[in-house]
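Student: upload09.cif is reproduced below (mmCIF, C-alpha atoms).
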data_query
#
loop_
_atom_site.label_atom_id
_atom_site.label_comp_id
_atom_site.auth_asym_id
_atom_site.auth_seq_id
_atom_site.Cartn_x
_atom_site.Cartn_y
_atom_site.Cartn_z
CA MET A 38 150.79 98.66 155.09
CA THR A 39 149.32 98.64 151.58
CA GLU A 40 147.60 95.71 149.88
CA ASN A 41 150.70 95.12 147.75
CA GLU A 42 152.90 95.11 150.84
CA ILE A 43 150.59 92.63 152.59
CA ARG A 44 150.64 90.39 149.52
CA ASP A 45 154.43 90.53 149.25
CA LEU A 46 154.87 89.92 152.97
CA LEU A 47 152.71 86.80 152.87
CA PHE A 48 154.36 85.46 149.73
CA ASN A 49 157.96 86.24 150.64
CA ASN A 50 157.91 85.46 154.37
CA HIS A 51 155.07 82.93 154.81
CA LYS A 52 155.10 80.88 151.64
CA ASP A 53 154.75 77.63 153.57
CA ASP A 54 153.64 78.67 157.06
CA LEU A 55 150.72 81.03 156.52
CA HIS A 56 148.73 78.99 159.04
CA THR A 57 150.97 80.29 161.86
CA LEU A 58 149.44 83.75 161.39
CA ILE A 59 145.87 82.60 162.08
CA ILE A 60 144.41 83.55 165.47
CA GLN A 61 141.10 83.22 167.33
CA LYS A 62 140.14 79.85 165.94
CA ARG A 63 136.80 79.03 167.53
CA GLU A 64 135.64 75.70 168.88
CA PRO A 65 132.45 74.61 167.09
CA LEU A 66 129.22 75.20 168.97
CA ALA A 67 128.75 72.35 171.44
CA LEU A 68 125.63 70.31 170.77
CA PRO A 69 123.44 68.76 173.48
CA GLN A 70 124.15 65.07 173.97
CA ASP A 71 120.77 63.85 175.18
CA THR A 72 118.43 65.75 172.85
CA PHE A 73 118.57 66.66 169.19
CA PRO A 74 119.73 70.26 168.70
CA SER A 75 117.69 72.95 167.04
CA ILE A 76 118.20 73.32 163.29
CA ALA A 77 120.12 76.54 163.95
CA GLN A 78 122.47 74.80 166.40
CA LEU A 79 122.95 71.90 163.99
CA LEU A 80 123.87 74.17 161.08
CA GLN A 81 126.17 76.29 163.23
CA ASN A 82 128.05 73.24 164.48
CA ARG A 83 128.42 71.84 160.96
CA THR A 84 129.58 75.15 159.50
CA GLU A 85 132.06 75.94 162.25
CA THR A 86 133.44 72.40 162.06
CA LYS A 87 133.86 72.87 158.30
CA ILE A 88 135.64 76.20 158.81
CA ASN A 89 138.04 74.66 161.31
CA LYS A 90 138.75 71.77 158.96
CA MET A 91 139.59 74.19 156.16
CA ILE A 92 141.88 76.13 158.51
CA GLU A 93 143.55 72.88 159.55
CA ASN A 94 144.16 72.05 155.90
CA LEU A 95 146.15 75.28 155.55
CA GLU A 96 148.91 73.72 157.66
CA THR A 97 150.23 72.19 154.45
CA LEU A 98 149.48 75.20 152.22
CA GLN A 99 152.24 76.15 149.80
CA LEU A 100 151.97 79.55 148.10
CA ASP A 101 152.99 78.99 144.47
CA GLY A 102 152.60 82.41 142.90
CA LYS A 103 151.47 86.02 143.31
CA GLU A 104 149.67 88.38 140.94
CA ILE A 105 148.73 85.47 138.70
CA ARG A 106 147.21 86.93 135.56
CA LEU A 107 144.11 85.22 134.19
CA VAL A 108 143.36 85.43 130.50
CA ARG A 109 139.60 85.44 130.09
CA ASP A 110 138.53 86.42 126.56
CA SER A 111 139.53 90.04 126.07
CA ASP A 112 140.16 90.65 129.78
CA THR A 113 143.94 90.56 130.32
CA THR A 114 144.17 92.61 133.52
CA THR A 115 142.52 90.23 136.01
CA ARG A 116 145.04 89.01 138.56
CA ILE A 117 144.88 86.63 141.49
CA ASP A 118 146.70 88.07 144.49
CA LEU A 119 148.00 84.72 145.72
CA LEU A 120 147.69 81.21 144.32
CA GLY A 121 148.64 78.11 146.26
CA SER A 122 147.98 74.45 146.76
CA ILE A 123 147.46 72.16 149.73
CA VAL A 124 150.21 69.57 149.68
CA ASP A 125 148.22 66.76 151.31
CA SER A 126 145.22 66.87 148.99
CA GLY A 127 146.40 68.82 145.97
CA ASP A 128 143.48 71.25 146.31
CA LEU A 129 143.98 74.69 144.80
CA VAL A 130 143.84 77.73 147.09
CA ILE A 131 142.94 81.19 145.76
CA ILE A 132 143.55 84.18 148.02
CA GLU A 133 142.21 87.69 147.42
CA LEU A 134 143.36 90.66 149.53
CA LYS A 135 141.51 93.90 150.25
CA LYS A 136 142.57 96.34 152.91
CA SER A 137 139.60 98.65 152.42
CA GLY A 138 136.09 97.69 153.45
CA GLN A 139 134.76 99.70 150.49
CA THR A 140 136.04 97.19 147.92
CA GLU A 141 135.74 93.91 149.83
CA ARG A 142 132.34 92.97 148.38
CA GLN A 143 133.73 93.26 144.86
CA ALA A 144 136.77 91.24 145.95
CA PHE A 145 134.59 88.40 147.24
CA THR A 146 132.64 88.34 143.99
CA GLU A 147 135.91 88.22 142.05
CA LEU A 148 137.15 85.42 144.29
CA LEU A 149 134.16 83.22 143.46
CA GLY A 150 134.63 84.11 139.80
CA TYR A 151 138.25 82.95 139.92
CA ALA A 152 137.12 79.59 141.29
CA ASN A 153 134.65 79.19 138.43
CA HIS A 154 137.36 80.13 135.94
CA PHE A 155 139.64 77.35 137.19
CA CYS A 156 136.79 74.86 136.92
CA THR A 157 136.33 75.95 133.30
CA LEU A 158 140.06 75.81 132.62
CA PHE A 159 140.51 72.32 134.07
CA PRO A 160 137.30 70.35 133.39
CA PRO A 161 135.74 68.53 135.14
CA LEU A 162 137.32 70.18 138.21
CA SER A 163 134.67 71.13 140.76
CA GLU A 164 134.64 73.82 143.41
CA SER A 165 134.89 71.11 146.06
CA SER A 166 138.57 70.83 145.04
CA LEU A 167 139.14 74.56 145.47
CA GLN A 168 139.45 76.69 148.59
CA SER A 169 138.70 80.40 148.30
CA ILE A 170 140.10 82.78 150.92
CA LEU A 171 139.24 86.45 151.37
CA ILE A 172 141.52 88.59 153.56
CA ALA A 173 139.64 91.82 154.25
CA PRO A 174 138.25 93.97 157.11
CA LEU A 175 134.73 92.50 156.64
CA GLU A 176 133.23 95.84 157.57
CA GLY A 177 130.25 95.65 155.23
CA ARG A 178 127.22 93.48 155.91
CA GLY A 179 126.99 92.58 152.24
CA VAL A 180 130.17 90.53 152.20
CA ARG A 181 129.34 88.87 155.54
CA ASP A 182 125.92 87.90 154.17
CA ALA A 183 127.51 86.53 151.01
CA LEU A 184 130.06 84.51 152.95
CA ALA A 185 127.38 83.06 155.22
CA GLN A 186 125.31 82.11 152.17
CA GLU A 187 128.24 80.32 150.53
CA LEU A 188 129.10 78.42 153.70
CA ILE A 189 125.68 77.55 155.15
CA ILE A 190 123.47 77.16 152.08
CA ASN A 191 125.82 76.51 149.15
CA ASP A 192 128.36 74.47 151.16
CA LYS A 193 131.29 76.16 149.40
CA ASN A 194 134.89 75.96 150.57
CA ALA A 195 135.19 79.64 151.46
CA LEU A 196 137.17 81.23 154.27
CA ALA A 197 137.60 84.81 155.43
CA PHE A 198 140.25 86.38 157.64
CA ILE A 199 140.38 89.87 159.11
CA PRO A 200 143.94 91.25 158.88
CA ILE A 201 145.40 92.68 162.09
CA ILE A 202 148.40 94.81 161.19
CA ASP A 203 151.06 95.88 163.70
CA GLY A 204 153.86 97.74 161.96
CA LYS A 205 155.47 95.24 159.60
CA LYS A 206 153.74 92.26 161.19
CA ILE A 207 150.37 90.78 160.35
CA LEU A 208 147.98 88.35 162.00
CA LEU A 209 144.84 86.82 160.47
CA GLU A 210 141.71 86.64 162.60
CA ALA A 211 139.45 83.80 161.49
CA TYR A 212 135.89 84.90 160.72
CA TYR A 213 132.83 82.85 161.71
CA PRO A 214 129.25 83.83 160.72
CA SER A 215 127.06 85.12 163.54
CA GLU A 216 124.62 82.67 165.12
CA LEU A 217 121.83 84.90 163.83
CA TYR A 218 122.39 83.65 160.28
CA TYR A 219 121.63 80.10 161.37
CA ARG A 220 118.44 81.19 163.14
CA TRP A 221 117.34 82.96 159.97
CA VAL A 222 117.84 79.81 157.90
CA GLU A 223 116.09 77.71 160.54
CA ASN A 224 112.97 79.82 160.31
CA ASN A 225 112.71 79.26 156.55
CA VAL A 226 113.61 75.61 155.94
CA LEU A 227 111.00 73.18 157.26
CA ASP A 228 107.96 75.37 157.76
CA ASP A 229 105.01 74.53 155.50
CA SER A 230 104.73 78.16 154.45
CA SER A 231 108.11 77.87 152.73
CA MET A 232 107.22 74.74 150.76
CA THR A 233 106.01 74.46 147.19
CA VAL A 234 104.79 71.19 145.67
CA VAL A 235 104.59 70.07 142.04
CA THR A 236 102.99 66.76 141.14
CA ALA A 237 103.17 64.78 137.90
CA SER A 238 100.50 62.11 137.50
CA PHE A 239 100.35 59.49 134.75
CA PRO A 240 98.31 56.40 133.85
CA LEU A 241 99.07 52.78 134.60
CA ILE A 242 101.40 51.10 132.10
CA ASP A 243 100.46 47.43 131.96
CA GLY A 244 103.37 45.18 132.77
CA TRP A 245 105.70 48.08 133.56
CA ILE A 246 104.11 50.37 136.15
CA ASP A 247 100.83 48.98 137.36
CA THR A 248 99.09 47.86 140.56
CA GLY A 249 99.38 44.67 142.49
CA GLU A 250 96.61 42.59 143.99
CA PRO A 251 94.01 44.34 146.18
CA GLY A 252 95.31 44.75 149.70
CA GLY A 253 98.92 44.44 148.58
CA ALA A 254 101.76 46.74 147.56
CA PRO A 255 102.66 47.59 143.96
CA PRO A 256 104.61 44.80 142.25
CA ASP A 257 108.41 44.81 142.45
CA TYR A 258 108.89 46.00 138.86
CA SER A 259 106.63 49.00 139.52
CA GLN A 260 108.52 49.83 142.69
CA ASP A 261 111.85 49.51 140.89
CA ALA A 262 110.61 52.02 138.31
CA PHE A 263 109.48 54.46 140.98
CA LYS A 264 112.78 54.09 142.83
CA THR A 265 114.75 54.95 139.72
CA MET A 266 112.54 57.93 138.93
CA THR A 267 112.71 59.50 142.38
CA GLY A 268 116.47 58.99 142.47
CA LEU A 269 117.00 60.73 139.14
CA ILE A 270 114.74 63.66 140.04
CA ALA A 271 116.64 64.05 143.32
CA GLN A 272 119.88 64.23 141.34
CA ARG A 273 118.42 67.05 139.24
CA LEU A 274 117.43 68.90 142.42
CA GLU A 275 120.95 68.54 143.86
CA THR A 276 122.47 69.80 140.62
CA ALA A 277 120.20 72.85 140.74
CA GLY A 278 121.11 73.49 144.38
CA LEU A 279 117.52 73.01 145.55
CA HIS A 280 116.44 71.77 148.99
CA GLY A 281 113.50 69.42 148.94
CA LEU A 282 112.06 65.94 148.78
CA VAL A 283 110.63 63.73 146.07
CA TYR A 284 108.61 60.55 146.40
CA ALA A 285 106.28 58.30 144.42
CA ARG A 286 102.62 57.66 145.11
CA GLN A 287 100.19 55.12 143.71
CA TYR A 288 96.56 54.77 144.75
CA TRP A 289 95.48 51.51 146.31
CA ALA A 290 94.56 48.83 143.77
CA GLU A 291 90.96 48.94 145.01
CA VAL A 292 90.50 52.60 144.03
CA CYS A 293 92.83 52.89 141.01
CA PRO A 294 89.99 52.35 138.50
CA ALA A 295 88.38 55.57 139.73
CA PHE A 296 91.37 57.67 138.64
CA PRO A 297 92.70 58.12 135.10
CA TYR A 298 96.17 58.97 136.47
CA PRO A 299 96.74 56.82 139.58
CA ASN A 300 100.55 57.09 139.51
CA THR A 301 102.12 60.31 140.79
CA LEU A 302 105.58 61.70 141.41
CA VAL A 303 105.53 64.35 144.12
CA LEU A 304 108.22 67.03 144.23
CA CYS A 305 108.28 69.36 147.24
CA VAL A 306 110.93 72.08 147.51
CA VAL A 307 111.77 74.97 149.80
CA ASN A 308 110.63 77.97 147.77
CA PRO A 309 112.49 81.18 148.70
CA PHE A 310 109.80 83.23 146.94
CA ASN A 311 106.73 81.47 148.32
CA PRO A 312 104.02 84.16 148.42
CA VAL A 313 102.79 82.83 151.75
CA ARG A 314 106.07 84.07 153.25
CA ALA A 315 106.19 87.40 151.46
CA SER A 316 103.82 88.93 148.94
CA ALA A 317 103.25 92.45 147.62
CA PRO A 318 100.20 92.55 145.30
CA ASP A 319 99.82 96.30 145.79
CA GLY A 320 103.46 97.13 146.55
CA THR A 321 103.07 96.59 150.31
CA VAL A 322 104.89 93.51 151.57
CA PHE A 323 103.11 91.16 153.97
CA GLY A 324 103.25 87.47 154.79
CA ALA A 325 104.09 84.74 157.31
CA SER A 326 107.61 86.01 158.05
CA ASP A 327 109.19 87.89 160.91
CA GLN A 328 108.81 91.65 160.60
CA SER A 329 112.53 92.29 160.08
CA ARG A 330 112.51 90.13 156.94
CA LEU A 331 109.34 91.80 155.65
CA ASP A 332 110.90 95.21 156.23
CA ALA A 333 114.08 94.20 154.38
CA VAL A 334 112.06 92.90 151.41
CA GLN A 335 109.91 96.04 151.47
CA ALA A 336 113.03 98.20 151.20
CA ILE A 337 113.91 96.41 147.95
CA VAL A 338 110.38 96.41 146.57
CA ASP A 339 110.14 100.17 147.10
CA GLN A 340 113.05 100.66 144.70
CA VAL A 341 111.77 98.39 141.92
CA ALA A 342 109.72 99.61 139.00
CA GLY A 343 106.38 97.82 138.76
CA ASN A 344 106.91 96.61 142.30
CA GLU A 345 103.44 95.11 142.63
CA TYR A 346 104.54 92.37 140.21
CA TRP A 347 108.17 91.90 141.25
CA LEU A 348 107.78 89.24 143.96
CA GLY A 349 105.10 87.47 141.97
CA ASN A 350 107.41 87.30 138.95
CA LEU A 351 110.20 85.78 141.05
CA HIS A 352 107.79 83.17 142.38
CA SER A 353 106.53 82.37 138.89
CA ALA A 354 110.08 81.97 137.58
CA PHE A 355 110.95 79.63 140.44
CA MET A 356 107.83 77.57 139.82
CA GLY A 357 108.72 77.39 136.15
CA GLN A 358 112.12 75.94 137.08
CA ILE A 359 110.54 73.22 139.24
CA ILE A 360 107.96 72.33 136.61
CA ARG A 361 110.69 72.09 133.96
CA ILE A 362 112.65 69.69 136.16
CA MET A 363 109.61 67.46 136.35
CA GLN A 364 108.79 67.70 132.64
CA GLU A 365 112.38 67.07 131.53
CA SER A 366 112.60 64.13 133.90
CA PHE A 367 109.53 62.56 132.30
CA GLN A 368 111.04 62.98 128.85
CA GLU A 369 114.10 61.12 130.12
CA PHE A 370 112.08 58.41 131.88
CA PHE A 371 109.79 57.51 128.99
CA ILE A 372 111.94 57.93 125.93
CA SER A 373 111.02 54.87 123.87
CA ARG A 374 112.11 53.01 120.76
CA ASN A 375 108.53 52.48 119.60
CA GLY A 376 107.32 56.04 120.14
CA VAL A 377 104.97 55.29 123.04
CA ALA A 378 104.25 58.64 124.71
CA VAL A 379 103.63 58.98 128.45
CA ARG A 380 102.66 62.55 129.17
CA PRO A 381 102.19 63.66 132.78
CA GLU A 382 99.40 65.76 134.18
CA ILE A 383 101.20 68.54 136.07
CA SER A 384 99.59 70.14 139.13
CA VAL A 385 100.76 72.63 141.76
CA PRO A 386 98.55 71.99 144.81
CA ASP A 387 98.86 73.68 148.17
CA TRP A 388 101.34 71.68 150.23
CA TRP A 389 99.43 71.70 153.51
CA GLY A 390 96.18 70.72 151.84
CA PHE A 391 97.90 68.04 149.77
CA LYS A 392 99.70 66.30 152.60
CA THR A 393 96.61 66.29 154.85
CA SER A 394 94.19 65.09 152.15
CA MET A 395 92.64 61.66 152.64
CA ILE A 396 92.84 60.98 148.90
CA GLU A 397 96.36 62.29 148.33
CA ALA A 398 98.08 61.02 151.46
CA VAL A 399 96.11 58.10 152.92
CA ILE A 400 94.38 55.81 150.40
CA CYS A 401 97.63 55.31 148.51
CA HIS A 402 101.08 53.77 148.67
CA ASN A 403 103.76 56.42 149.31
CA MET A 404 107.26 55.16 148.63
CA HIS A 405 110.91 55.77 147.73
CA ILE A 406 111.34 59.19 149.27
CA ARG A 407 114.55 61.08 148.46
CA LEU A 408 115.80 64.17 150.30
CA THR A 409 118.14 66.83 148.94
CA GLY A 410 120.15 69.78 150.23
CA LEU A 411 119.50 70.98 153.75
CA LEU A 412 116.60 68.57 154.23
CA ARG A 413 118.91 65.64 153.60
CA THR A 414 121.54 67.15 155.89
CA ILE A 415 119.05 67.64 158.72
CA PHE A 416 117.53 64.17 158.37
CA THR A 417 120.96 62.49 158.18
CA ASP A 418 122.17 64.24 161.32
CA TYR A 419 118.95 63.41 163.14
CA MET A 420 119.26 59.72 162.32
CA ALA A 421 122.90 59.74 163.45
CA HIS A 422 121.67 61.22 166.75
CA CYS A 423 119.03 58.48 167.03
CA TYR A 424 121.52 55.66 166.54
CA ARG A 425 123.93 57.30 168.99
CA THR A 426 121.28 57.56 171.72
CA GLY A 427 119.45 54.35 170.78
CA THR A 428 116.01 55.92 170.39
CA ASP A 429 113.97 58.11 168.07
CA GLU A 430 111.52 60.40 169.86
CA ILE A 431 109.50 61.20 166.73
CA TYR A 432 108.77 57.98 164.83
CA PHE A 433 110.72 54.74 165.42
CA SER A 434 110.90 55.02 169.21
CA TYR A 435 113.16 52.15 170.40
CA ASP A 436 112.56 50.07 167.27
CA LEU A 437 115.24 51.63 165.06
CA PRO A 438 116.01 49.74 161.82
CA LYS A 439 119.06 47.52 161.97
CA PHE A 440 120.93 49.77 159.50
CA GLY A 441 120.63 53.48 158.83
CA TYR A 442 120.07 53.17 155.08
CA ILE A 443 116.70 51.56 155.77
CA ALA A 444 115.49 54.71 157.53
CA HIS A 445 116.59 56.91 154.62
CA ASP A 446 114.26 55.06 152.23
CA HIS A 447 111.38 54.83 154.72
CA PHE A 448 108.70 57.23 153.51
CA LEU A 449 106.63 57.57 156.66
CA ALA A 450 109.70 57.92 158.87
CA ALA A 451 111.15 60.74 156.76
CA TRP A 452 107.72 62.38 156.49
CA GLU A 453 107.02 62.29 160.24
CA ILE A 454 110.56 63.18 161.32
CA LEU A 455 110.82 66.23 159.07
CA SER A 456 107.38 67.32 160.25
CA GLY A 457 108.41 66.80 163.86
CA LEU A 458 111.57 68.86 163.39
CA SER A 459 109.69 71.77 161.83
CA TRP A 460 110.47 75.15 163.36
CA THR A 461 107.74 77.75 163.25
CA GLU A 462 108.76 80.43 165.76
CA MET A 463 109.60 83.67 163.97
CA ASP A 464 112.89 84.61 165.60
CA GLY A 465 115.22 85.69 162.81
CA PRO A 466 117.97 88.30 162.87
CA THR A 467 117.32 91.97 162.32
CA GLU A 468 119.32 94.73 160.69
CA ALA A 469 120.20 96.06 164.13
CA ASP A 470 121.52 92.66 165.21
CA GLU A 471 124.02 92.69 162.39
#
Go ahead and express the file in the form of structure tokens.
Tutor:
Amino acid sequence: MTENEIRDLLFNNHKDDLHTLIIQKREPLALPQDTFPSIAQLLQNRTETKINKMIENLETLQLDGKEIRLVRDSDTTTRIDLLGSIVDSGDLVIIELKKSGQTERQAFTELLGYANHFCTLFPPLSESSLQSILIAPLEGRGVRDALAQELIINDKNALAFIPIIDGKKILLEAYYPSELYYRWVENNVLDDSSMTVVTASFPLIDGWIDTGEPGGAPPDYSQDAFKTMTGLIAQRLETAGLHGLVYARQYWAEVCPAFPYPNTLVLCVVNPFNPVRASAPDGTVFGASDQSRLDAVQAIVDQVAGNEYWLGNLHSAFMGQIIRIMQESFQEFFISRNGVAVRPEISVPDWWGFKTSMIEAVICHNMHIRLTGLLRTIFTDYMAHCYRTGTDEIYFSYDLPKFGYIAHDHFLAAWEILSGLSWTEMDGPTEADE
């Protein structure tokens, strides 16, 4: 059966019951009830639950058209194989078909491009209102890696089905990423060697952001300012798809006079290019990663011109992005009618040294922490586990706050819990595993 025949069969015979063709739907990974799961188990359960929910939504899928031509500038030949909508929610569904494993990677790229095109065509439509479906053999690792990335890291509404053809009949086998993908992510999320920190310090602003009395906390108006700032920076991180935390710090009133810039905003993000994890100053890759990852990075570095600079350039570009987020945030925070300029002093200290420093982490008020991306997901699920079991083994013990929102704004709780959940064992997937 050709791709065109598969497309016509689905459109002509299963316009409103495509869900009846789906087989091998998997129950999400069961999580332990008495203890908090590993990060890998948590992500696998969340992702598989999301996949099943998307499959369930297809019960009200209506296929509205086939070979839908998209007009994008001078390109008039791009066509969507099948276009539909989910009756209950009104969400659009875009389906791309590929019978050959040789072209499926291109098909998946096109599928994501179609979703972006619809968002451009119908602003401010977001991809959360779209469901992208690839029907292909999934023979190549590249497309499986891409699908896992979209589901686990980018939280996209993407599904894949493997077609099983028997004469003129077809079934669709639901695809779930291997557990090894979740273990790989786990090894690179909370470990200190994956973290990069950028700080922005600035002076006291009398009457607006200053200290309280010795022995006390910063005044309410200062705390309100810090709360707004950390919230807005966190929004910028979410928009950029970055996983991290941001909080405010002010030295104790007793020691503030010793520092020209006693106020600081601290931005810590998971840096995929952190040189501690993988570096190649002479073209040979080494670092605090499992050997399979180092070997995979080495294989790329060997094919890149000027390879001794390649990883370093990626790290520098990433750092530039984080620094720009901080600088642009300050421009937004301190825009003023009277031209008063508040310029931050930007630093990029080592994360481990910073968070264990007496000056940076102890003789100061740390407040208004905000988590983004996977860090927020992990912390939220952990707190849900704590309230379900009635105890927190890492920080609160049996003295949980009355309401969960209090824990989310509790600096020391978030700090200690994320540290306690850190995973350091190098146990990621290998090429052979896939």
Student: I'd like a table as a Markdown table: residues in range 363-402 of chain A with an atom no more than 12 Å from range 232-249 of chain A, each row giving the shortest atom pair and its distance in Å to one decimal, only C-alpha atoms counted, sorted by chain and rising residue number.
Tutor:
| residue | atom | partner | partner_atom | distance |
| --- | --- | --- | --- | --- |
| A:Met363 | CA | A:Ala237 | CA | 7.1 |
| A:Gln364 | CA | A:Ala237 | CA | 8.2 |
| A:Glu365 | CA | A:Ala237 | CA | 11.4 |
| A:Ser366 | CA | A:Ala237 | CA | 10.3 |
| A:Phe367 | CA | A:Ala237 | CA | 8.8 |
| A:Phe371 | CA | A:Ile242 | CA | 11.0 |
| A:Val377 | CA | A:Ile242 | CA | 10.6 |
| A:Ala378 | CA | A:Phe239 | CA | 10.8 |
| A:Val379 | CA | A:Phe239 | CA | 7.1 |
| A:Arg380 | CA | A:Phe239 | CA | 6.8 |
| A:Pro381 | CA | A:Phe239 | CA | 5.0 |
| A:Glu382 | CA | A:Ser238 | CA | 5.1 |
| A:Ile383 | CA | A:Ala237 | CA | 4.6 |
| A:Ser384 | CA | A:Thr236 | CA | 5.2 |
| A:Val385 | CA | A:Val235 | CA | 4.6 |
| A:Pro386 | CA | A:Val234 | CA | 6.3 |
| A:Asp387 | CA | A:Val234 | CA | 6.9 |
| A:Trp388 | CA | A:Val234 | CA | 5.7 |
| A:Trp389 | CA | A:Met232 | CA | 8.8 |
| A:Gly390 | CA | A:Val234 | CA | 10.6 |
| A:Phe391 | CA | A:Val234 | CA | 8.6 |
| A:Lys392 | CA | A:Val234 | CA | 9.9 |
| A:Glu397 | CA | A:Thr236 | CA | 10.8 |
| A:Cys401 | CA | A:Thr248 | CA | 11.0 |
| A:His402 | CA | A:Thr248 | CA | 10.2 |
Student: Could you jot down the CA of Tyr151 in chain A to CA of Asn194 in chain A separation for me, Å, one decimal place?
Tutor: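 Separation between CA of Tyr151 in chain A and CA of Asn194 in chain A: 13.2 Å.
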Student: Using only C-alpha atoms, which residue out of A:Ile170, A:Ile360, A:Leu227, A:Leu149 lies closest to Gly121 in chain A?
Tutor: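 Among A:Ile170, A:Ile360, A:Leu227, A:Leu149, it is A:Ile170 that comes nearest to Gly121 in chain A.
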Student: Using only C-alpha atoms, find the one residue out of A:Ala398, A:Val130, A:Val338, A:Ala325 that sits nearest to Trp452 in chain A.
Tutor: A:Ala398
Student: Considering only C-alpha atoms, state which residue in the set A:Ser353, A:Ile396, A:Arg374, A:Ile131 is at the smallest distance from Ala295 in chain A.
Tutor: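 Answer, going by the shortest atom-to-atom distance: A:Ile396.
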Student: Write out as a list of chain:residue names each polymer residue whose atoms come within 9 Å of Glu275 in chain A, counting only C-alpha atoms; drop sequence neighbours fewer than 4 positions from it.
Tutor: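 Once the nearby chain positions are removed, what remains is A:Ile270, A:Ala271, A:Leu279, A:His280, A:Thr409, A:Gly410.
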Student: What does the file look like for those residues with C-alpha atoms, as a PDB file, in the coordinates of the input?
Tutor:
ATOM      1  CA  ILE A 270     114.740  63.660 140.040  1.00  0.00           C
ATOM      2  CA  ALA A 271     116.640  64.050 143.320  1.00  0.00           C
ATOM      3  CA  LEU A 279     117.520  73.010 145.550  1.00  0.00           C
ATOM      4  CA  HIS A 280     116.440  71.770 148.990  1.00  0.00           C
ATOM      5  CA  THR A 409     118.140  66.830 148.940  1.00  0.00           C
ATOM      6  CA  GLY A 410     120.150  69.780 150.230  1.00  0.00           C
TER       7      GLY A 410
END
Student: Taking all atoms listed in the file into account, name the residue in A:Ile199, A:Lys136, A:Leu129, A:Ser215 that is nearest to Ser166 in chain A.
Tutor: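 Looking at the shortest contact to Ser166 in chain A, the residue is A:Leu129.
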Student: Could you tell me how far CA of Ile431 in chain A lies from CA of Thr267 in chain A, in Å and to one decimal?
Tutor: 24.6 Å
Student: At a cut-off of 10 Å, using all atoms listed in the file, what residues contact Ile201 in chain A? Leave out same-chain residues fewer than 2 positions from it and give the result as a PDB file with C-alpha atoms, in the frame of the given file.
Tutor:
ATOM      1  CA  LEU A  58     149.440  83.750 161.390  1.00  0.00           C
ATOM      2  CA  ILE A  60     144.410  83.550 165.470  1.00  0.00           C
ATOM      3  CA  ALA A 173     139.640  91.820 154.250  1.00  0.00           C
ATOM      4  CA  PRO A 174     138.250  93.970 157.110  1.00  0.00           C
ATOM      5  CA  PHE A 198     140.250  86.380 157.640  1.00  0.00           C
ATOM      6  CA  ILE A 199     140.380  89.870 159.110  1.00  0.00           C
ATOM      7  CA  ASP A 203     151.060  95.880 163.700  1.00  0.00           C
ATOM      8  CA  GLY A 204     153.860  97.740 161.960  1.00  0.00           C
ATOM      9  CA  LYS A 206     153.740  92.260 161.190  1.00  0.00           C
ATOM     10  CA  ILE A 207     150.370  90.780 160.350  1.00  0.00           C
ATOM     11  CA  LEU A 208     147.980  88.350 162.000  1.00  0.00           C
ATOM     12  CA  LEU A 209     144.840  86.820 160.470  1.00  0.00           C
ATOM     13  CA  GLU A 210     141.710  86.640 162.600  1.00  0.00           C
TER      14      GLU A 210
END
Student: Complete range 279-288 of chain A with N, CA and C atoms (output as a PDB file, in the frame of the given file).
Tutor:
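For reference, selection-v1.pdb as written:
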ATOM      1  N   LEU A 279     118.824  72.846 144.916  1.00  0.00           N
ATOM      2  CA  LEU A 279     117.520  73.010 145.550  1.00  0.00           C
ATOM      3  C   LEU A 279     117.387  72.073 146.746  1.00  0.00           C
ATOM      4  N   HIS A 280     116.644  72.526 147.750  1.00  0.00           N
ATOM      5  CA  HIS A 280     116.440  71.770 148.990  1.00  0.00           C
ATOM      6  C   HIS A 280     115.012  71.245 148.987  1.00  0.00           C
ATOM      7  N   GLY A 281     114.861  69.932 148.995  1.00  0.00           N
ATOM      8  CA  GLY A 281     113.500  69.420 148.940  1.00  0.00           C
ATOM      9  C   GLY A 281     113.425  67.924 149.123  1.00  0.00           C
ATOM     10  N   LEU A 282     112.292  67.375 148.719  1.00  0.00           N
ATOM     11  CA  LEU A 282     112.060  65.940 148.780  1.00  0.00           C
ATOM     12  C   LEU A 282     111.224  65.524 147.585  1.00  0.00           C
ATOM     13  N   VAL A 283     111.413  64.283 147.168  1.00  0.00           N
ATOM     14  CA  VAL A 283     110.630  63.730 146.070  1.00  0.00           C
ATOM     15  C   VAL A 283     110.258  62.300 146.449  1.00  0.00           C
ATOM     16  N   TYR A 284     109.028  61.914 146.137  1.00  0.00           N
ATOM     17  CA  TYR A 284     108.610  60.550 146.400  1.00  0.00           C
ATOM     18  C   TYR A 284     107.565  60.133 145.369  1.00  0.00           C
ATOM     19  N   ALA A 285     107.271  58.845 145.346  1.00  0.00           N
ATOM     20  CA  ALA A 285     106.280  58.300 144.420  1.00  0.00           C
ATOM     21  C   ALA A 285     105.028  57.904 145.191  1.00  0.00           C
ATOM     22  N   ARG A 286     103.897  58.025 144.499  1.00  0.00           N
ATOM     23  CA  ARG A 286     102.620  57.660 145.110  1.00  0.00           C
ATOM     24  C   ARG A 286     101.767  56.921 144.094  1.00  0.00           C
ATOM     25  N   GLN A 287     101.157  55.837 144.550  1.00  0.00           N
ATOM     26  CA  GLN A 287     100.190  55.120 143.710  1.00  0.00           C
ATOM     27  C   GLN A 287      98.970  54.795 144.552  1.00  0.00           C
ATOM     28  N   TYR A 288      97.789  55.078 144.012  1.00  0.00           N
ATOM     29  CA  TYR A 288      96.560  54.770 144.750  1.00  0.00           C
ATOM     30  C   TYR A 288      96.445  53.262 144.983  1.00  0.00           C
TER      31      TYR A 288
END
